[in-house]
Every structure is written in C-alpha cells, then in structure tokens.
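Notes follow the structure.
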Number of protein chains: 2
Amino acid sequence: MATGSRTVRPRSSVWLSERKAPRRKGDQQPVGLDHVKIVAATMRLLDAEGLAGFSMRRLAAELGVTAMSVYWYVETKDHLLELALDAAMGEIALPVETVGPVEGCEHTLAEPRDWREQLRQLASEYRRVLVRHPWLSPLMGEYLNIGPNAVAFNNAAQAVMLNSGLPDDKLPSALALVYQFVYGFGTIEGRFAARCRAAGLSQDELFHEMVSSLEDRPEFDESRRIMEARGGGTVEQMRERDFAFALDLAIAGIEALRGR
Amino acid sequence: MATGSRTVRPRSSVWLSERKAPRRKGDQQPVGLDHVKIVAATMRLLDAEGLAGFSMRRLAAELGVTAMSVYWYVETKDHLLELALDAAMGEIALPVETVGPVEGCEHTLAEPRDWREQLRQLASEYRRVLVRHPWLSPLMGEYLNIGPNAVAFNNAAQAVMLNSGLPDDKLPSALALVYQFVYGFGTIEGRFAARCRAAGLSQDELFHEMVSSLEDRPEFDESRRIMEARGGGTVEQMRERDFAFALDLAIAGIEALRGR
DNA sequence: ACCTGAACACCGTTCAAGT
DNA sequence: ACCTGAACACCGTTCAAGT
C-alpha cells in the first residue's frame, strides 16, 4: 500500500476531487514537467523497481528535478498512483461495440465476436495487463479504481455479460466470478514473473527450483501429484491451459444456469 | 506491501529459514515477550489500525517495550507479517476428513458433507477470514503463503475438489476459479467494511452515499441499472445472494464439464 | 507560475552497549 | 539471554522562500 497515509485520512480519490488546473496558459512553452510526463515516468519506475521501490524522491530524481517539484502537479503520492492505475487500465483492448461514451477513455478497440469469445478476449487482455504491470494488483486493492479507463472496462465487461443470456440480477455474480478469478490468476502470474526477473532465472528454472526445494515435505505430496497429472510442457503452457479451462468452467456454468 | 525491502533483497520466507530458537531454557520464568504474544499483538494492531498503520515501533510500544526488543524474537518485519498471515489462515475451519497430518496446523474442524456443501463451506470460511482481517489480502499477494495453516487449507481445498469428479489435470483450473473468486470477493468486502468503520457509517449508509455521489455520472448508468435489477434488501443480503450464486455458477460449470 | 531547500515526523534495521 | 539507545539511510509532506 501507499505508505502515505500514516494516520487514517479522509481518503478522497483523484477522480472525486477536482484536478489541479493545467498549467501553460496562452502559447508559452511548457516549462519542463507536465501531468503526462509524470505519469509516464511513474509507470516506468513502477515497472522497473516495483511498488516498494517507488518513491516521490526517486521519481523526482528520475525526472531530473527536486523532490518537491512533482507536488506542483499532483496532490499526493496516492493521487499519482491512482493516475498510474487508470493509465494501466487503459492498456486493455476492449471489444469495439461495447465502448460507451466515457470521457477520457484511452482504450484501443478490438474486433466484435460472440459473447464467449468477447469474454475470453477481455479476460485475457485483463490478465496480460496484470502480468505486464505487477504493481497494478495491489493498487486496485488500495484505491477505488473508478477512473475513466476502469469505468470503460467495467462497462465493456457488463455489456459482454449482458449477451450471455443471464438475467440482470445474476450479472454481478457472473462478473465477479470471472473477473475476480482473472485478477487472482494474473496477480500470481505477474508476481512470479517479477520474481524471475529479480532472480535472473527463466520461469521454468525458478519453477523447478521451487518444486525441488519442497521435495522432502510430505504436506505437498498431494499438490505434487496433481501437478504431475497436469502434464508436461513449459510453465507457460500449463498456465495457458489452466486459464483457458477455468474460463470454460465459468462459461459452462453460465450456460447451465442462465435458463432459470 | 511491507516497506522493509527498500532495495530488492533475496526474499527468504520465514517458512524456508530456520526459526530463531525458543528462549526460556529450563524452568525459568518467561521474561516478558515471546513468539505467541508478539504475533497476537501484531494481529490485534493490524485489525485495529490496518497494514499501513502497523510499524515495528508501534508494535513495540503496544508491548510496552523498546523498538528493537522485538528483533530478538523475529528476524524482520516481513517474517513477522508472514507469521501473522499464517495465523490468520489458521482461523479457517476445515472439513474434518480433509485434514492431513500437517505439523503445526491449528485449524478447527467442521462437519463432513458432499463436495458441493464442503466447497461452499470452505469458500465461506475463507471469505469470512478475509473480511475479518482486511490486511490478509495484501499479505497473501506479498508473501509465499506456505505456512502450515495455509498448506492445510490448500490440501483441504484440493481434497474437496477431488470429489467433484473432475479429472486430476483439471483440478488446478477449478481450484483457481473458485478460490481466486473468493479471494477477490472477500477482499473487496473487507475493504468496504474497514472503510465503514473508519467513516463511522453502517454499510448501508456508506453504500447509499457512494451511489448518490455518482448519480449525475452517465458512465455509471448501466451499472446502476444492473444494481437496481439485483433487487432490494440490505447491502449484506445482496452480497450473500451474489456470493452464493457465483459459487452456484462455478459448481454448475464443474458438473457440466467433468464428464469430458 | 513553477521550482527549491530546509525541516518535521515518521520508517526498518544495524550495531555497540548494557544487565 | 534479553533488552536498550543512538545512529543510519530512508520515507511523504509542509512551508517559506526564491525566480
């Protein structure tokens, strides 16, 4: 979590408080920093060093500026992280016809298909973003996540699920089942990938190292048996299969119960 | 996340490094602190102040002791948090016949039933613990979570899913679908409850406040429509229904695809 | 309008010293 | 064996001051 809140504070979101006015009046040259540059540098740092390695001072150094300059553009560290969070949500490609007129939405748009394909597509896009930016998961837990890109994503997910044939009052359950699953799956996958990068190992190398470090622990016998049953291939291939079949399960469940 | 790791460190887990030897040799009186007391105080503080409000100095003050005393018993803050994490996992009641001989397991045991009932039971126990201790979710993302209680829980979850009739190679998918869903659901629920406590509002009060604060935002029209379709009752009742039906979907999916 | 510098109240942890 | 105190290298943020 952001360590900014030493004591519990009122907790306003960037999206609920008016933003700092854009500088650069008239036709003057921009002086150096601006909102876009700051958020981009923030995401770069977060990708490179992780959430724990990120600090306002570190960011300022990266921008070649003194520690306090950033505060001219951004109210707090938390607000900045909310901006980075929503920027990352904007990297999720959305099925084209699901995108309503959300102001500030930066999503790229993908091809339309039937609802199962759209669901799989959204899920895999979401997963990819979570893996690409491992700092996303903790931030989503920490903040409200109601920025324009997050809202557009939620609306797209709702629009897709609407075509599943489930009655409206069952949609929240189905949405939670699918997207909480993807969140957890992508979170674990992203953390593992980050761990690999940090250790300088490939995913398969680290995986086998972990497996063999638990070799003599009988509590893990059953887990090992199941993992072996899952069959060969690389870690990545196993994960693709697990992910795809879990979505198949969810879709099958929806198809089974939508008639009631 | 624990801010202990300013720079990236080797990342050993408590469960992978031998513990500090228990003090109190012979029959001497315990001098003051001990492992159990420290973890208990840690959980009390985490419940009361949240993860962001917890610090080693704060804990020491709570224990009536100087800041550095705790370090006699515990290697780092991260190790201490791992101990608290597993202690919380130990609060999950497990279906009795699923518990193998995991050393150090503190779980209480629950009645046996058919696999659907056992699954629902485990899911709801897991959910309750996540809600009771909102600091659990971020810690589970941060650490390996391979303490004795976590392992016993995973083994129980596997044992229950084994009875679903799914072939072994499909078990990881089904387990991920169900328990990642519960994790996300319980995380959101726990955060909302904590927010309510902090604001001094009931869940329904805060909920209606949030809804009405988004009243004039057309991007939320569709969400609002769905929420209204979901029907009346308290926030808690809506959540129970959503949770139960999401599990129904997962179970229906498993039953639909287990024959292949 | 935009940026700086010093300062405040915090962190986790090391290390030498006390009893 | 157990606990303390001072110190180090960090935080986020405030505030008065510079240009």
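Identifiers in this document derive from the order of the structure tokens: chains are assigned A, B, ..., residues are numbered from 1 separately in each chain, and ligands are numbered from 1 in order of occurrence.
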For range 59-61 of chain A, work out the shell of residues within 10 Å, counting only C-alpha atoms (C1' of nucleotides) and skipping chain neighbours fewer than 3 positions away, then give it as an mmCIF file with C-alpha atoms, in the first residue's frame.
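After the write, around.cif holds the following:
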```
data_model
loop_
_atom_site.group_PDB
_atom_site.id
_atom_site.type_symbol
_atom_site.label_atom_id
_atom_site.label_comp_id
_atom_site.auth_asym_id
_atom_site.auth_seq_id
_atom_site.Cartn_x
_atom_site.Cartn_y
_atom_site.Cartn_z
ATOM 1 C CA ILE A 38 4.961 12.479 -14.647
ATOM 2 C CA VAL A 39 2.538 9.581 -15.003
ATOM 3 C CA ALA A 41 7.790 8.242 -15.562
ATOM 4 C CA THR A 42 5.821 6.802 -12.657
ATOM 5 C CA ARG A 44 8.304 3.304 -15.971
ATOM 6 C CA LEU A 45 9.657 3.330 -12.433
ATOM 7 C CA LEU A 46 6.936 1.040 -11.136
ATOM 8 C CA PHE A 54 8.874 3.635 -5.908
ATOM 9 C CA SER A 55 9.074 6.913 -4.013
ATOM 10 C CA MET A 56 8.354 10.538 -4.751
ATOM 11 C CA GLY A 64 15.842 15.445 -13.058
ATOM 12 C CA VAL A 65 14.077 17.688 -10.628
ATOM 13 C CA THR A 66 13.981 18.374 -6.926
ATOM 14 C CA ALA A 67 11.906 16.198 -4.607
ATOM 15 C CA MET A 68 9.094 18.670 -4.173
ATOM 16 C CA SER A 69 8.541 19.805 -7.745
ATOM 17 C CA VAL A 70 6.159 16.979 -8.542
ATOM 18 C CA TYR A 71 3.823 18.253 -5.867
#
```
What are the residues of chain C lining chain B at 12 Å or less? Count only C-alpha atoms (C1' of nucleotides), and put the answer as a compact mmCIF listing (two decimals) with C-alpha atoms (C1' of nucleotides), in the first residue's frame.
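Saved the output as out16.txt:
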```txt
# COMPACT_ATOMS: atom_id res chain seq x y z
C1' DC C 10 7.87 9.26 10.67
C1' DC C 11 10.03 4.44 8.84
C1' DG C 12 13.11 -0.57 9.16
C1' DT C 13 17.25 -2.01 10.68
C1' DT C 14 22.41 -2.16 12.41
C1' DC C 15 25.38 -2.13 15.95
```
Contacts of DA17 in chain D at 12 Å (only C-alpha atoms (C1' of nucleotides); same-chain gap of 4+ positions) as number ranges by chain: C: 3-6
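Considering only range 47-205 of chain B, backbone DSSP assigns strand (DSSP E or B) to B:Leu94, B:Pro95, B:Leu109, B:Ala110.
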Could you write out the selected residues, including N, CA, C and O atoms, as a CSV table (one decimal), in the first residue's frame?
```
chain,number,residue,atom,x,y,z
B,94,LEU,N,-11.9,-26.2,8.7
B,94,LEU,CA,-11.8,-27.1,7.6
B,94,LEU,C,-12.7,-28.4,7.8
B,94,LEU,O,-12.9,-28.8,8.9
B,95,PRO,N,-13.2,-28.9,6.7
B,95,PRO,CA,-14.0,-30.1,6.7
B,95,PRO,C,-13.1,-31.2,7.3
B,95,PRO,O,-12.0,-31.4,6.9
B,109,LEU,N,-12.1,-28.0,13.1
B,109,LEU,CA,-12.6,-28.9,12.1
B,109,LEU,C,-14.1,-28.8,12.0
B,109,LEU,O,-14.8,-28.6,13.0
B,110,ALA,N,-14.6,-28.9,10.8
B,110,ALA,CA,-16.1,-28.8,10.6
B,110,ALA,C,-16.6,-30.1,10.1
B,110,ALA,O,-15.9,-31.1,9.8
```
